[in-house]
$ cat data_39.csv   # CSV, C-alpha atoms
chain,number,residue,atom,x,y,z
A,1033,ALA,CA,0.0,0.0,0.0
A,1034,GLN,CA,1.1,3.5,-0.6
A,1035,ARG,CA,2.3,5.8,2.2
A,1036,VAL,CA,3.5,9.4,2.5
A,1037,THR,CA,5.6,10.5,5.4
A,1038,GLN,CA,6.3,14.0,6.5
A,1039,PRO,CA,8.6,13.7,9.5
A,1040,GLU,CA,8.3,17.3,10.7
A,1041,LYS,CA,5.0,18.5,12.2
A,1042,LEU,CA,6.4,21.9,12.8
A,1043,LEU,CA,9.2,23.9,11.2
A,1044,SER,CA,10.3,27.4,11.9
A,1045,VAL,CA,12.9,29.4,9.9
A,1046,PHE,CA,13.8,33.1,9.8
A,1047,LYS,CA,12.9,35.3,6.8
A,1048,GLY,CA,15.5,35.0,4.1
A,1049,ALA,CA,16.8,31.6,5.3
A,1050,PRO,CA,16.6,28.5,3.2
A,1051,VAL,CA,13.8,26.1,3.9
A,1052,GLU,CA,13.3,22.4,3.2
A,1053,LEU,CA,10.2,20.4,4.0
A,1054,LYS,CA,10.8,16.7,3.9
A,1055,CYS,CA,8.6,14.2,2.2
A,1056,ASN,CA,9.2,10.4,1.8
A,1057,TYR,CA,6.9,8.0,0.1
A,1058,SER,CA,6.4,4.3,-0.3
A,1059,TYR,CA,4.8,3.0,-3.5
A,1060,SER,CA,5.3,0.0,-5.7
A,1061,GLY,CA,4.4,1.8,-8.9
A,1062,SER,CA,5.7,4.8,-10.7
A,1063,PRO,CA,5.0,7.8,-8.3
A,1064,GLU,CA,3.2,11.0,-9.2
A,1065,LEU,CA,3.8,13.4,-6.4
A,1066,PHE,CA,2.4,16.8,-5.4
A,1067,TRP,CA,2.7,19.5,-2.8
A,1068,TYR,CA,-0.4,21.2,-1.5
A,1069,VAL,CA,-0.5,24.2,0.7
A,1070,GLN,CA,-3.1,25.6,3.0
A,1071,TYR,CA,-2.7,29.2,4.1
A,1072,SER,CA,-4.5,30.4,7.3
A,1073,ARG,CA,-8.3,30.4,6.8
A,1074,GLN,CA,-8.0,29.4,3.2
A,1075,ARG,CA,-8.8,26.1,1.4
A,1076,LEU,CA,-6.2,23.5,0.4
A,1077,GLN,CA,-4.6,24.3,-3.0
A,1078,LEU,CA,-2.1,22.8,-5.3
A,1079,LEU,CA,1.4,24.2,-5.0
A,1080,LEU,CA,3.3,22.1,-7.5
A,1081,ARG,CA,3.6,18.7,-9.0
A,1082,HIS,CA,6.7,16.8,-9.9
A,1083,ILE,CA,5.7,16.0,-13.4
A,1084,SER,CA,5.7,19.6,-14.3
A,1085,ARG,CA,9.2,20.3,-12.9
A,1086,GLU,CA,8.0,23.8,-12.2
A,1087,SER,CA,8.8,26.5,-9.7
A,1088,ILE,CA,5.9,28.1,-7.9
A,1089,LYS,CA,6.4,31.1,-5.5
A,1090,GLY,CA,10.1,30.2,-5.5
A,1091,PHE,CA,9.5,26.6,-4.3
A,1092,THR,CA,10.9,23.6,-6.1
A,1093,ALA,CA,10.7,19.9,-5.4
A,1094,ASP,CA,12.8,17.1,-7.0
A,1095,LEU,CA,11.7,13.5,-7.1
A,1096,ASN,CA,14.5,11.3,-5.9
A,1097,LYS,CA,13.4,7.7,-6.7
A,1098,GLY,CA,16.6,6.2,-5.1
A,1099,GLU,CA,15.8,7.9,-1.8
A,1100,THR,CA,12.0,7.8,-2.4
A,1101,SER,CA,11.8,11.4,-1.5
A,1102,PHE,CA,10.1,14.6,-2.8
A,1103,HIS,CA,11.4,17.3,-0.5
A,1104,LEU,CA,10.1,20.9,-1.0
A,1105,LYS,CA,12.8,23.6,-1.0
A,1106,LYS,CA,13.0,27.4,-1.2
A,1107,PRO,CA,16.3,29.3,-1.0
A,1108,PHE,CA,14.9,32.4,0.7
A,1109,ALA,CA,11.8,32.0,2.9
A,1110,GLN,CA,9.3,34.8,3.1
A,1111,GLU,CA,6.8,35.5,5.9
A,1112,GLU,CA,3.9,34.9,3.5
A,1113,ASP,CA,5.2,31.3,3.1
A,1114,SER,CA,3.9,30.5,6.6
A,1115,ALA,CA,1.3,27.8,6.0
A,1116,MET,CA,0.6,24.1,6.3
A,1117,TYR,CA,2.2,22.1,3.6
A,1118,TYR,CA,1.1,18.6,2.5
A,1119,CYS,CA,2.9,16.1,0.4
A,1120,ALA,CA,0.6,13.8,-1.6
A,1121,LEU,CA,1.0,10.8,-3.8
A,1122,LEU,CA,-1.5,10.0,-6.7
A,1123,SER,CA,-2.3,6.3,-7.2
A,1124,GLY,CA,-4.9,3.8,-8.1
A,1125,SER,CA,-7.6,3.5,-10.7
A,1126,ALA,CA,-9.5,6.1,-8.6
A,1127,ARG,CA,-6.6,8.5,-9.0
A,1128,GLN,CA,-6.9,9.2,-5.3
A,1129,LEU,CA,-4.4,11.3,-3.4
A,1130,THR,CA,-2.7,9.8,-0.4
A,1131,PHE,CA,-1.6,12.7,1.9
A,1132,GLY,CA,1.2,13.0,4.4
A,1133,SER,CA,0.3,14.4,7.9
A,1134,GLY,CA,1.5,17.9,6.9
A,1135,THR,CA,4.2,20.3,8.1
A,1136,GLN,CA,3.3,23.6,9.6
A,1137,LEU,CA,5.9,26.1,8.4
A,1138,THR,CA,6.4,29.4,10.3
A,1139,VAL,CA,8.6,32.0,8.8
A,1140,LEU,CA,9.8,34.4,11.5
A,1141,PRO,CA,10.5,38.1,10.8
B,180,GLY,CA,-20.2,27.5,-9.6
B,181,ALA,CA,-16.8,29.0,-9.6
B,182,GLY,CA,-15.5,26.6,-6.9
B,183,VAL,CA,-16.4,23.6,-4.8
B,184,SER,CA,-18.9,24.6,-2.2
B,185,GLN,CA,-19.5,22.7,1.0
B,186,SER,CA,-22.2,23.2,3.6
B,187,PRO,CA,-22.5,23.7,6.4
B,188,SER,CA,-19.1,25.2,7.2
B,189,ASN,CA,-19.5,24.2,10.8
B,190,LYS,CA,-21.7,21.6,12.5
B,191,VAL,CA,-21.9,20.7,16.2
B,192,THR,CA,-24.0,17.7,16.9
B,193,GLU,CA,-24.7,15.5,19.9
B,194,LYS,CA,-23.3,12.0,20.1
B,195,GLY,CA,-25.7,9.5,18.5
B,196,LYS,CA,-27.4,12.0,16.1
B,197,ASP,CA,-27.2,11.7,12.4
B,198,VAL,CA,-25.5,14.4,10.2
B,199,GLU,CA,-25.6,15.2,6.5
B,200,LEU,CA,-22.8,17.1,4.8
B,201,ARG,CA,-23.2,18.5,1.4
B,202,CYS,CA,-20.7,19.1,-1.5
B,203,ASP,CA,-21.5,21.0,-4.6
B,204,PRO,CA,-18.7,20.4,-7.1
B,205,ILE,CA,-17.5,22.5,-10.0
B,206,SER,CA,-19.8,22.2,-12.9
B,207,GLY,CA,-18.5,19.7,-15.4
B,208,HIS,CA,-16.2,17.9,-12.9
B,209,THR,CA,-16.9,14.3,-13.3
B,210,ALA,CA,-14.9,13.0,-10.3
B,211,LEU,CA,-15.7,13.8,-6.7
B,212,TYR,CA,-13.8,12.8,-3.6
B,213,TRP,CA,-14.5,13.0,0.1
B,214,TYR,CA,-11.6,13.2,2.6
B,215,ARG,CA,-11.5,13.4,6.4
B,216,GLN,CA,-8.9,15.4,8.3
B,217,ARG,CA,-8.6,14.8,12.0
B,218,LEU,CA,-6.8,17.3,14.2
B,219,GLY,CA,-3.1,17.1,13.7
B,220,GLN,CA,-3.3,14.4,11.0
B,221,GLY,CA,-3.3,14.2,7.3
B,222,LEU,CA,-6.2,13.7,5.0
B,223,GLU,CA,-7.8,10.3,4.9
B,224,PHE,CA,-9.6,9.2,1.7
B,225,LEU,CA,-13.2,8.2,2.3
B,226,ILE,CA,-15.0,7.8,-1.0
B,227,TYR,CA,-14.7,8.5,-4.7
B,228,PHE,CA,-17.4,9.1,-7.4
B,229,GLN,CA,-16.7,9.1,-11.1
B,230,GLY,CA,-19.7,9.9,-13.3
B,231,ASN,CA,-22.3,7.2,-13.2
B,232,SER,CA,-19.9,4.5,-12.2
B,233,ALA,CA,-20.2,2.6,-8.9
B,234,PRO,CA,-18.4,4.6,-6.2
B,235,ASP,CA,-15.2,3.5,-4.6
B,236,LYS,CA,-16.1,3.2,-1.0
B,237,SER,CA,-12.9,1.6,0.2
B,238,GLY,CA,-12.0,4.4,2.6
B,239,LEU,CA,-15.3,4.6,4.5
B,240,PRO,CA,-14.3,3.8,8.1
B,241,SER,CA,-17.6,2.1,9.2
B,242,ASP,CA,-21.1,1.3,8.0
B,243,ARG,CA,-22.3,4.4,9.8
B,244,PHE,CA,-20.8,6.4,6.9
B,245,SER,CA,-22.5,6.6,3.5
B,246,ALA,CA,-22.4,8.9,0.6
B,247,GLU,CA,-24.5,9.6,-2.5
B,248,ARG,CA,-24.1,11.4,-5.7
B,249,THR,CA,-26.5,11.6,-8.6
B,250,GLY,CA,-24.7,11.9,-11.9
B,251,GLU,CA,-22.3,14.7,-11.8
B,252,SER,CA,-24.1,16.9,-9.3
B,253,VAL,CA,-24.3,17.4,-5.6
B,254,SER,CA,-23.0,14.8,-3.2
B,255,THR,CA,-24.0,14.2,0.4
B,256,LEU,CA,-22.0,12.4,3.0
B,257,THR,CA,-24.1,11.0,5.8
B,258,ILE,CA,-22.8,9.9,9.2
B,259,GLN,CA,-25.3,8.0,11.3
B,260,ARG,CA,-25.2,7.7,15.1
B,261,THR,CA,-22.2,10.0,15.3
B,262,GLN,CA,-19.4,9.3,17.7
B,263,GLN,CA,-16.8,11.7,19.2
B,264,GLU,CA,-14.1,10.2,17.0
B,265,ASP,CA,-16.0,11.4,14.0
B,266,SER,CA,-15.1,15.0,14.9
B,267,ALA,CA,-13.0,16.2,12.0
B,268,VAL,CA,-12.9,18.5,9.0
B,269,TYR,CA,-14.6,16.8,6.1
B,270,LEU,CA,-13.2,17.9,2.7
B,271,CYS,CA,-14.7,17.5,-0.7
B,272,ALA,CA,-12.7,17.8,-3.9
B,273,SER,CA,-13.7,17.5,-7.5
B,274,ARG,CA,-11.7,17.2,-10.7
B,275,VAL,CA,-12.3,16.9,-14.4
B,276,GLY,CA,-12.0,13.3,-15.5
B,277,GLY,CA,-8.6,12.4,-16.8
B,278,ASN,CA,-7.0,15.5,-15.2
B,279,TYR,CA,-5.4,15.0,-11.9
B,280,GLY,CA,-5.9,18.5,-10.7
B,281,TYR,CA,-8.1,18.5,-7.6
B,282,THR,CA,-10.0,21.5,-6.5
B,283,PHE,CA,-10.9,21.4,-2.8
B,284,GLY,CA,-13.8,22.9,-1.0
B,285,SER,CA,-13.3,24.8,2.3
B,286,GLY,CA,-14.6,21.9,4.3
B,287,THR,CA,-17.2,21.2,7.0
B,288,ARG,CA,-15.9,21.2,10.6
B,289,LEU,CA,-17.8,18.6,12.5
B,290,THR,CA,-17.8,18.5,16.2
B,291,VAL,CA,-19.5,15.7,18.1
B,292,VAL,CA,-20.2,16.5,21.7

$ encode --input "data_39.csv" --output "structure tokens"
Amino acid sequence: AQRVTQPEKLLSVFKGAPVELKCNYSYSGSPELFWYVQYSRQRLQLLLRHISRESIKGFTADLNKGETSFHLKKPFAQEEDSAMYYCALLSGSARQLTFGSGTQLTVLP
Amino acid sequence: GAGVSQSPSNKVTEKGKDVELRCDPISGHTALYWYRQRLGQGLEFLIYFQGNSAPDKSGLPSDRFSAERTGESVSTLTIQRTQQEDSAVYLCASRVGGNYGYTFGSGTRLTVV
């Protein structure tokens, strides 16, 4: 069965510092991975997906199949990046997302 | 509508009562999902509807949980004889078939007292 692990529940960094949110997955097939973000009092929204190899709001994430990881990185954190971040794996005929437990990122001034 | 709408946004109910949660997906989105998010935990898949096909109910935690959807319209999630462990945020998401981009609603926060 598929599984997504986000080992850090809470992460605090100072503004301008680099940030990395960790995500590891377990899946027997070819993974399709995503990062979702939920800002305070807003709904969950897609941040980026590995298949697009895109950079959104300065964030990037590289799929490392050898380490089964999909860590989210940003070189210079901003206060507006403070939010809950979820890593998710798409699988199955239902195309359902399996979510990690989330990491609450706080960027301090 | 422009987005996925869920109602009510908040629901407090007494243990043992039944509750019904509603999701109105984006028009034209054939796929609809229900997830549950308990405090401090990730999202748990509950049920999936795709068009007129039989739903995937593999994530429903017990027979107290059921959901319906007629065609590509509104879906309702019903929890019978609610228990305190049912307290959570219930999220609905829809997507266009074949496109893996989910659009989430803002959720219903259910509190069972």

$ interface_residues --input "data_39.csv" --of "chain B" --to "chain A" --cutoff "6 Å" --atoms "all atoms listed in the file" --output "mmCIF file with C-alpha atoms, keeping the file's coordinate frame"
data_model
loop_
_atom_site.group_PDB
_atom_site.id
_atom_site.type_symbol
_atom_site.label_atom_id
_atom_site.label_comp_id
_atom_site.auth_asym_id
_atom_site.auth_seq_id
_atom_site.Cartn_x
_atom_site.Cartn_y
_atom_site.Cartn_z
ATOM 1 C CA GLN B 220 -3.300 14.400 11.000
ATOM 2 C CA GLY B 221 -3.300 14.200 7.300
ATOM 3 C CA LEU B 222 -6.200 13.700 5.000
ATOM 4 C CA SER B 285 -13.300 24.800 2.300
#

$ atom_distance --input "data_39.csv" --atom1 "atom CA of Asp242 of chain B" --atom2 "atom CA of Glu199 of chain B"
14.7 Å

$ closest_residue --input "data_39.csv" --among "A:Ala1093, A:Leu1053, A:Ala1109, A:Leu1121" --to "Leu1065 of chain A" --atoms "all atoms listed in the file"
A:Leu1121

$ closest_residue --input "data_39.csv" --among "A:Pro1141, A:Gln1136, A:Gln1110, A:Trp1067" --to "Glu1040 of chain A" --atoms "all atoms listed in the file"
A:Gln1136

$ atom_distance --input "data_39.csv" --atom1 "atom CA of Asp197 of chain B" --atom2 "atom CA of Lys236 of chain B"
19.4 Å

$ atom_distance --input "data_39.csv" --atom1 "atom CA of Leu1140 of chain A" --atom2 "atom CA of Ser1044 of chain A"
7.0 Å

$ axis_aligned_box --input "data_39.csv" --around "segment 1083-1096 of chain A" --padding-each-side "3 Å" --output "JSON"
{"center_x": 10.1, "center_y": 21.2, "center_z": -9.3, "size_x": 14.8, "size_y": 25.8, "size_z": 16.0}

$ residues_near_point --input "data_39.csv" --point "(-25.7, 8.9, 17.5)" --cutoff "10 Å" --atoms "only C-alpha atoms" --output "list in words"
Thr192, Glu193, Lys194, Gly195, Lys196, Asp197, Val198, Arg243, Ile258, Gln259, Arg260, Thr261, Gln262, Gln263 and Val291 of chain B

$ closest_residue --input "data_39.csv" --among "A:Pro1063, A:Met1116, A:Phe1091, A:Leu1137" --to "Leu1104 of chain A" --atoms "only C-alpha atoms"
A:Phe1091

$ residues_around --input "data_39.csv" --residues "Gln216 of chain B" --least-positions-apart "2" --cutoff "8 Å" --atoms "all atoms listed in the file" --output "VMD selection string"
chain B and resid 214 218 220 to 223 267 to 270

$ write_last_selection --input "data_39.csv" --atoms "C-alpha atoms" --output "PDB file, in the frame of the given file"
ATOM      1  CA  TYR B 214     -11.600  13.200   2.600  1.00  0.00           C
ATOM      2  CA  LEU B 218      -6.800  17.300  14.200  1.00  0.00           C
ATOM      3  CA  GLN B 220      -3.300  14.400  11.000  1.00  0.00           C
ATOM      4  CA  GLY B 221      -3.300  14.200   7.300  1.00  0.00           C
ATOM      5  CA  LEU B 222      -6.200  13.700   5.000  1.00  0.00           C
ATOM      6  CA  GLU B 223      -7.800  10.300   4.900  1.00  0.00           C
ATOM      7  CA  ALA B 267     -13.000  16.200  12.000  1.00  0.00           C
ATOM      8  CA  VAL B 268     -12.900  18.500   9.000  1.00  0.00           C
ATOM      9  CA  TYR B 269     -14.600  16.800   6.100  1.00  0.00           C
ATOM     10  CA  LEU B 270     -13.200  17.900   2.700  1.00  0.00           C
TER      11      LEU B 270
END

$ closest_residue --input "data_39.csv" --among "A:Gln1070, A:Val1139, A:Glu1112, A:Ser1060" --to "Lys1089 of chain A" --atoms "all atoms listed in the file"
A:Glu1112

$ residues_around --input "data_39.csv" --residues "Leu200 of chain B" --least-positions-apart "4" --cutoff "10 Å" --atoms "all atoms listed in the file" --output "short mmCIF file (atom, residue, chain, number, x, y, z; two decimals) with C-alpha atoms, in the coordinates of the input"
data_model
loop_
_atom_site.label_atom_id
_atom_site.label_comp_id
_atom_site.auth_asym_id
_atom_site.auth_seq_id
_atom_site.Cartn_x
_atom_site.Cartn_y
_atom_site.Cartn_z
CA GLN B 185 -19.50 22.70 1.00
CA SER B 186 -22.20 23.20 3.60
CA PRO B 187 -22.50 23.70 6.40
CA SER B 188 -19.10 25.20 7.20
CA ASN B 189 -19.50 24.20 10.80
CA LYS B 190 -21.70 21.60 12.50
CA ALA B 246 -22.40 8.90 0.60
CA SER B 254 -23.00 14.80 -3.20
CA THR B 255 -24.00 14.20 0.40
CA LEU B 256 -22.00 12.40 3.00
CA THR B 257 -24.10 11.00 5.80
CA ILE B 258 -22.80 9.90 9.20
CA TYR B 269 -14.60 16.80 6.10
CA LEU B 270 -13.20 17.90 2.70
CA CYS B 271 -14.70 17.50 -0.70
CA GLY B 286 -14.60 21.90 4.30
CA THR B 287 -17.20 21.20 7.00
CA ARG B 288 -15.90 21.20 10.60
CA LEU B 289 -17.80 18.60 12.50
#

$ residues_around --input "data_39.csv" --residues "Thr1092 of chain A" --least-positions-apart "3" --cutoff "8 Å" --atoms "all atoms listed in the file" --output "PyMOL selection string"
chain A and resi 1080+1085-1088+1104-1106

$ residues_around --input "data_39.csv" --residues "Pro234 of chain B" --least-positions-apart "5" --cutoff "12 Å" --atoms "only C-alpha atoms" --output "PDB file with C-alpha atoms, keeping the file's coordinate frame"
ATOM      1  CA  SER A1125      -7.600   3.500 -10.700  1.00  0.00           C
ATOM      2  CA  ALA A1126      -9.500   6.100  -8.600  1.00  0.00           C
TER       3      ALA A1126
ATOM      4  CA  ALA B 210     -14.900  13.000 -10.300  1.00  0.00           C
ATOM      5  CA  LEU B 211     -15.700  13.800  -6.700  1.00  0.00           C
ATOM      6  CA  TYR B 212     -13.800  12.800  -3.600  1.00  0.00           C
ATOM      7  CA  TRP B 213     -14.500  13.000   0.100  1.00  0.00           C
ATOM      8  CA  LEU B 225     -13.200   8.200   2.300  1.00  0.00           C
ATOM      9  CA  ILE B 226     -15.000   7.800  -1.000  1.00  0.00           C
ATOM     10  CA  TYR B 227     -14.700   8.500  -4.700  1.00  0.00           C
ATOM     11  CA  PHE B 228     -17.400   9.100  -7.400  1.00  0.00           C
ATOM     12  CA  GLN B 229     -16.700   9.100 -11.100  1.00  0.00           C
ATOM     13  CA  LEU B 239     -15.300   4.600   4.500  1.00  0.00           C
ATOM     14  CA  SER B 245     -22.500   6.600   3.500  1.00  0.00           C
ATOM     15  CA  ALA B 246     -22.400   8.900   0.600  1.00  0.00           C
ATOM     16  CA  GLU B 247     -24.500   9.600  -2.500  1.00  0.00           C
ATOM     17  CA  ARG B 248     -24.100  11.400  -5.700  1.00  0.00           C
ATOM     18  CA  THR B 249     -26.500  11.600  -8.600  1.00  0.00           C
ATOM     19  CA  GLY B 250     -24.700  11.900 -11.900  1.00  0.00           C
ATOM     20  CA  SER B 254     -23.000  14.800  -3.200  1.00  0.00           C
TER      21      SER B 254
END

$ residues_around --input "data_39.csv" --residues "Asp1094 of chain A" --least-positions-apart "6" --cutoff "7 Å" --atoms "all atoms listed in the file" --output "VMD selection string"
chain A and resid 1082 1102 to 1103
